[in-house]
Amino acid sequence: MKDKVQNLLASIHEYYGYDLTDYHIDFSIRAVKNEMSHQSISDIDTFTETLLKDEFKLNSFIRCYLINVSDMFRDIEPFRIFREQVVPDLKSYPRVRVWSCGCASGKEALSLAIILEEEGLYDRTIIYGTDINQKALEAAKRATYSIEDVIGFTQNYYLSGGKRDFRNFYTINWEIKTVHFNQSLLKNLYFSVHNLVSDKVFNEFEVIFCRNVFIYFNDNLQKRSLRMLKNSLRYRGYLFLGHSEHMNFKGISEHFRMIDSKHKTYQKINDEVCI
Ligand SMILES: C[S@@+](CC[C@H](N)C(=O)[O-])C[C@H]1O[C@@H](n2cnc3c(N)ncnc32)[C@H](O)[C@@H]1O
């Protein structure tokens with residue numbers, strides 16, 4: 001199965017230009033199996049032929065790679081570390097540039113906007129939220145979520161050190177049971193497509209959050225992406241990864257000091273560009 005999946009991904013790259021070859025192989029095998037069952041195809045050779053002939057079916061398969069699960073103040077502790085250990089340092093900066101990459105529907109970027117607003121830094125901050133999934137980014141721009149979701153976000157907000165009444169950050173539309181976050185929080189938030197596999201450094205940042213994206217990448221792609229993130233951070237800038245992610249790669253880890261090992265928080269301490 002492994003060889004056939006690798007051949008399928010190589011053919012998709014060659015025929016259509018979508019490069020999925022460096023995603024974690026176990027993840028790709030799972031994606032192929034799920035999509036074969038969804039398309040009622042039991043044989044991988046037939047599946048390969050089908051995808052190479054039918055772009056509509058190919059697009060359905062590619063959607064397996066766009067897992068957009070997210071939450072505001074997800075996992076709580078990284079946001080407490082950001083508020084308590086990073087924000088005091090950012091206060092000495094004339095401007096703050098933050099990159100939330102693989103931001104899905106923008107909940108992480110919005111959480112950071114709330115903290116920076118509360119801490120009096122938002123007016124001199126720009127937050128870029130990027131993802132490969134255009135649909136998720138459209139949802140991010142709307143900043144509208146269901147009331148049930150916001151109940152969970154509220155709890156996370158207080159547990160991560162939130163100080164205000166969370167209800168002040170949004171208005172509720174009771175008719176359609178949705179919550180819309182305030183325009184004042186969206187004014188310095190920019191969402192756009194950026195692919196960690198193929199796109200390059202596009203700015204310099206004081207803070208980068210890249211959480212729960214590398215879990216789908218193999219070591220080679222993680223290393224390549226980490227190098228790009230490292231080159232996008234300014235000296236003494238901060239990087240947050242997801243709790244099951246790491247940067248234990250030669251040529252990368254030497255450029256950082258660990259701030260919190262459990263919550264994968266790092267600070268760049270070496271300004272040489274990695275190639
Ligand atoms: C599980 S979500 C994580 C969302 C958010 N960072 C969080 O931790 O809540 C993973 C996101 O990574 C995005 N993604 C996957 N491959 C990517 C790539 N090559 N470049 C940019 N984003 C990617 C997916 O589209 C998805 O929105």
# chains A, B, ... in the order shown; residues from 1 in each chain; ligands from 1
call {"tool": "residues_near_ligand", "arguments": {"ligand": "ligand 1", "cutoff": "7 Å", "atoms": "only C-alpha atoms and all ligand atoms", "output": "count of residues only"}}
result
30
call {"tool": "select_by_dssp", "arguments": {"residues": "range 80-209 of chain A", "states": "strand (DSSP E or B)", "output": "PyMOL selection string"}}
result
chain A and resi 96-101+125-131+144-146+170-173+178-181+189-193+205-209
call {"tool": "residues_around", "arguments": {"residues": "range 139-151 of chain A", "least_positions_apart": "2", "cutoff": "9 Å", "atoms": "only C-alpha atoms", "output": "NGL selection string"}}
result
:A and (71-72 or 103-107 or 109-110 or 129 or 134-137 or 153-156 or 172 or 174 or 176-182 or 186 or 189-191)
call {"tool": "closest_residue", "arguments": {"among": "A:Gln85, A:Ser225, A:Asn218, A:Ser244", "to": "Lys264 in chain A", "atoms": "only C-alpha atoms"}}
result
A:Ser244
call {"tool": "select_by_dssp", "arguments": {"residues": "range 194-252 of chain A", "states": "helix (DSSP H, G or I)", "output": "NGL selection string"}}
result
:A and (214-216 or 219-232)
call {"tool": "residues_around", "arguments": {"residues": "Lys250 in chain A", "least_positions_apart": "5", "cutoff": "12 Å", "atoms": "only C-alpha atoms", "output": "JSON, numbers by chain"}}
result
{"A": [219, 220, 223, 224, 226, 227, 255, 256, 274]}
call {"tool": "closest_atom_pairs", "arguments": {"of": "range 45-119 of chain A", "to": "range 163-167 of chain A", "cutoff": "10 Å", "atoms": "only C-alpha atoms", "output": "JSON lines"}}
result
{"residue": "A:Ile114", "atom": "CA", "partner": "A:Phe166", "partner_atom": "CA", "distance": 9.5}
{"residue": "A:Ile115", "atom": "CA", "partner": "A:Lys163", "partner_atom": "CA", "distance": 9.3}
{"residue": "A:Glu118", "atom": "CA", "partner": "A:Lys163", "partner_atom": "CA", "distance": 7.9}
{"residue": "A:Glu119", "atom": "CA", "partner": "A:Lys163", "partner_atom": "CA", "distance": 9.9}
call {"tool": "write_last_selection", "arguments": {"atoms": "C-alpha atoms", "output": "PDB file, in the first residue's frame"}}
result
ATOM      1  CA  ILE A 114      -7.956  39.678  21.837  1.00  0.00           C
ATOM      2  CA  ILE A 115      -4.914  39.237  24.079  1.00  0.00           C
ATOM      3  CA  GLU A 118      -6.390  43.630  26.264  1.00  0.00           C
ATOM      4  CA  GLU A 119      -2.702  44.262  26.831  1.00  0.00           C
TER       5      GLU A 119
END
call {"tool": "residues_around", "arguments": {"residues": "Thr265 in chain A", "least_positions_apart": "4", "cutoff": "12 Å", "atoms": "only C-alpha atoms", "output": "ChimeraX atom specification"}}
result
/A:77-82,85-86,207-211,237-247,256-261
call {"tool": "closest_atom_pairs", "arguments": {"of": "range 176-245 of chain A", "to": "range 8-26 of chain A", "cutoff": "6 Å", "atoms": "only C-alpha atoms", "output": "Markdown table"}}
result
| residue | atom | partner | partner_atom | distance |
| --- | --- | --- | --- | --- |
| A:Tyr216 | CA | A:His24 | CA | 5.3 |
| A:Phe217 | CA | A:Tyr23 | CA | 4.1 |
| A:Asn218 | CA | A:His24 | CA | 4.2 |
| A:Leu221 | CA | A:Asp22 | CA | 5.6 |
call {"tool": "atom_distance", "arguments": {"atom1": "CA of Leu112 in chain A", "atom2": "CA of Ser253 in chain A"}}
result
25.1 Å
call {"tool": "atom_distance", "arguments": {"atom1": "CA of Ile76 in chain A", "atom2": "CA of Lys91 in chain A"}}
result
21.9 Å
